[in-house]
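Asks: Sharing a structure below in structure tokens format, with a few things to ask.
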Amino acid sequence: EHQPAMPWRDIPAFVAEHLAGAARFDTTRAMLEFLILTAARSGEVRGMTWNEVDFDASVWTVPADRMKARLPHRVPLSDRAVEILRSQEGLHEELVFPSPRAQTILSDMVLTSFLRRVNAASSTPGRVATAHGFRSSFRDWCSEQGYPRDLAERALAHTVANKVEAAYHRTDLLEQRREMMQCWSDFLKTRESNRYESSRSDT
């Protein structure tokens with residue numbers, strides 16, 4: 001099923017207006033920003049545990065049993081993604097983004113309800129953007145920036161259907177993806193930095 005996606009050019013403004021500066025216990029906003037930053041699936045982020053995070057290497061490793069393709073997936077963490085994780089420390093012994101009250105894994109409806117509440121725009125007329133749709137937004141951004149298809153597909157943890165092509169996939173291109181994900185993170189901050197520069201010029 002088609003998942004309504006927010007146009008990638010609109011995401012920095014959305015992040016600045018609705019997600020940046022989330023309060024200490026505002027797990028929903030922190031989780032959604034982290035999801036956008038990592039281009040991960042909702043279930044992967046909602047079920048994320050601290051033992052999957054390597055702060056020294058700035059890598060989040062999603063185990064095979066939590067991945068759609070049943071293969072482990074390494075996610076290079078941008079500076080902002082690490083900052084969000086640090087802000088979540090101490091909220092739960094195991095879960096990174098726990099339900100504030102029940103202290104369990106948050107329901108996917110939490111993100112859906114939030115996006116509906118803020119009327120998150122999508123490129124589909126009459127439809128609100130979905131959490132999964134941010135993966136499509138990221139993919140479009142990658143194409144527009146000229147990143148190789150293979151790099152973008154690996155960031156999304158998409159499997160290679162062609163067996164011959166798959167046989168040559170001996171690396172997950174982690175360090176190349178790290179640079180790309182940091183550029184994505186920097187792009188998401190453009191609205192925030194523009195607002196800061198504007199306020200400075202007015203003084």
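Just so we're on the same page: first chain in the structure tokens is A, next is B, and so on; residues restart at 1 for each chain, and ligands are numbered from 1 in the order they show up.
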Mind checking which residues fall within 9 Å of segment 65-77 of chain A, counting only C-alpha atoms, ignoring those fewer than 6 positions away in the same chain, and posting them as a ChimeraX atom specification?
Replies: /A:37-38,40-41,43-44,47,55,57-59,154-155,157-159,172,174-175,177-179,181-182
Asks: To one decimal place in Å, what is the distance between atom CA of Cys183 of chain A and atom CA of Ser123 of chain A?
Replies: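 Answer for the atom CA of Cys183 of chain A to atom CA of Ser123 of chain A separation: 23.3 Å.
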Asks: Given the choices A:Val110, A:Ala152, A:Leu188, A:Val82, which gets closest to Pro98 of chain A if the distance is worked out from only C-alpha atoms?
Replies: A:Val110
Asks: What's the separation between atom CA of Arg135 of chain A and atom CA of Leu85 of chain A, in Å to one decimal place?
Replies: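 Rounded to one decimal, the two atoms are 19.9 Å apart.
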Asks: Please compute the atom CA of Thr130 of chain A-atom CA of Pro12 of chain A distance, one decimal, in Å.
Replies: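 Going from atom CA of Thr130 of chain A over to atom CA of Pro12 of chain A covers 16.0 Å.
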Asks: If we count only C-alpha atoms and set the cut-off at 7 Å, which residues sit around Ala30 of chain A, ignoring sequence neighbours fewer than 4 positions away in its own chain? Please answer as a PDB file with N, CA and C atoms, in the first residue's frame.
Replies:
```pdb
ATOM      1  N   LEU A  19       9.313  19.184  16.035  1.00  0.00           N
ATOM      2  CA  LEU A  19      10.128  18.166  16.702  1.00  0.00           C
ATOM      3  C   LEU A  19      11.314  18.716  17.484  1.00  0.00           C
ATOM      4  N   ALA A  22      12.394  18.984  21.795  1.00  0.00           N
ATOM      5  CA  ALA A  22      11.418  18.171  22.527  1.00  0.00           C
ATOM      6  C   ALA A  22      11.775  18.117  24.011  1.00  0.00           C
ATOM      7  N   ASP A  26       9.192  13.782  26.339  1.00  0.00           N
ATOM      8  CA  ASP A  26       8.378  13.762  25.126  1.00  0.00           C
ATOM      9  C   ASP A  26       8.955  12.729  24.162  1.00  0.00           C
ATOM     10  N   PHE A  34      14.250  10.886  15.420  1.00  0.00           N
ATOM     11  CA  PHE A  34      15.272   9.851  15.254  1.00  0.00           C
ATOM     12  C   PHE A  34      14.929   8.963  14.058  1.00  0.00           C
ATOM     13  N   ILE A  84      20.092  12.777  20.335  1.00  0.00           N
ATOM     14  CA  ILE A  84      18.753  12.339  20.743  1.00  0.00           C
ATOM     15  C   ILE A  84      18.853  11.123  21.655  1.00  0.00           C
TER      16      ILE A  84
END
```
Asks: Return the single residue from A:Val128, A:Met180, A:Val53, A:Ala16 that is closest to Leu151 of chain A, with distances computed using only C-alpha atoms.
Replies: A:Met180
Asks: Going by DSSP on the backbone, which residues of segment 21-157 of chain A come out as helix (DSSP H, G or I)? List them as a PyMOL selection string.
Replies: chain A and resi 27-38+42-46+50-52+64-66+79-88+108-117+133-144+149-155
Asks: Restricting the calculation to only C-alpha atoms, which member of A:Thr112, A:Thr61, A:Ser136, A:Gln88 is positioned closest to Gln3 of chain A?
Replies: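 That would be A:Ser136, the residue with the smallest distance to Gln3 of chain A.
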Asks: I need the residues of segment 12-202 of chain A that end up classed as strand (DSSP E) by DSSP on the backbone, written out as a PDB file with N, CA and C atoms, in the first residue's frame.
Replies:
```pdb
ATOM      1  N   VAL A  53      23.024  -0.281  20.664  1.00  0.00           N
ATOM      2  CA  VAL A  53      23.724   0.980  20.390  1.00  0.00           C
ATOM      3  C   VAL A  53      25.187   0.905  20.806  1.00  0.00           C
ATOM      4  N   ASP A  54      26.067   1.272  19.882  1.00  0.00           N
ATOM      5  CA  ASP A  54      27.498   1.378  20.168  1.00  0.00           C
ATOM      6  C   ASP A  54      27.852   2.865  20.071  1.00  0.00           C
ATOM      7  N   VAL A  59      27.188   3.694  16.038  1.00  0.00           N
ATOM      8  CA  VAL A  59      26.484   2.741  15.180  1.00  0.00           C
ATOM      9  C   VAL A  59      25.354   2.084  15.963  1.00  0.00           C
ATOM     10  N   TRP A  60      24.221   1.964  15.309  1.00  0.00           N
ATOM     11  CA  TRP A  60      23.075   1.222  15.852  1.00  0.00           C
ATOM     12  C   TRP A  60      22.930  -0.045  15.006  1.00  0.00           C
ATOM     13  N   THR A  61      23.021  -1.211  15.646  1.00  0.00           N
ATOM     14  CA  THR A  61      22.896  -2.471  14.933  1.00  0.00           C
ATOM     15  C   THR A  61      21.560  -3.113  15.260  1.00  0.00           C
ATOM     16  N   VAL A  62      20.688  -3.169  14.272  1.00  0.00           N
ATOM     17  CA  VAL A  62      19.374  -3.795  14.452  1.00  0.00           C
ATOM     18  C   VAL A  62      19.534  -5.287  14.200  1.00  0.00           C
ATOM     19  N   HIS A  73      21.214  -5.225  10.456  1.00  0.00           N
ATOM     20  CA  HIS A  73      21.401  -3.970   9.716  1.00  0.00           C
ATOM     21  C   HIS A  73      22.112  -2.962  10.588  1.00  0.00           C
ATOM     22  N   ARG A  74      23.259  -2.472  10.090  1.00  0.00           N
ATOM     23  CA  ARG A  74      24.004  -1.447  10.821  1.00  0.00           C
ATOM     24  C   ARG A  74      23.598  -0.067  10.324  1.00  0.00           C
ATOM     25  N   VAL A  75      23.320   0.822  11.281  1.00  0.00           N
ATOM     26  CA  VAL A  75      22.900   2.182  10.956  1.00  0.00           C
ATOM     27  C   VAL A  75      23.932   3.166  11.502  1.00  0.00           C
ATOM     28  N   PRO A  76      24.640   3.894  10.640  1.00  0.00           N
ATOM     29  CA  PRO A  76      25.580   4.907  11.126  1.00  0.00           C
ATOM     30  C   PRO A  76      24.798   6.084  11.715  1.00  0.00           C
TER      31      PRO A  76
END
```
Asks: Can you pull out every residue within 10 Å of segment 132-134 of chain A, counting only C-alpha atoms, but drop anything in the same chain fewer than 3 positions away, and send it as a list in words?
Replies: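 That gives His2, Gln3, Pro4, Ala5, Met6, Pro7, Trp8, Ile11, Leu32, Leu35, Ile36, Leu37, Thr38, Ala39, Ala40, Arg41, Ser42, Gly43, Leu111, Thr112, Ser122, Val128, Ala129, Ser137, Phe138, Arg139 and Asp140 of chain A.
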Asks: Considering only C-alpha atoms, can you say which of A:Pro63, A:Thr171, A:Arg46, A:Arg191 comes closest to Val96 of chain A?
Replies: A:Arg46
Asks: When you count only C-alpha atoms, which of these residues is closest to Glu83 of chain A: A:Arg9, A:Ser99, A:Phe114, A:Ser185?
Replies: A:Ser185
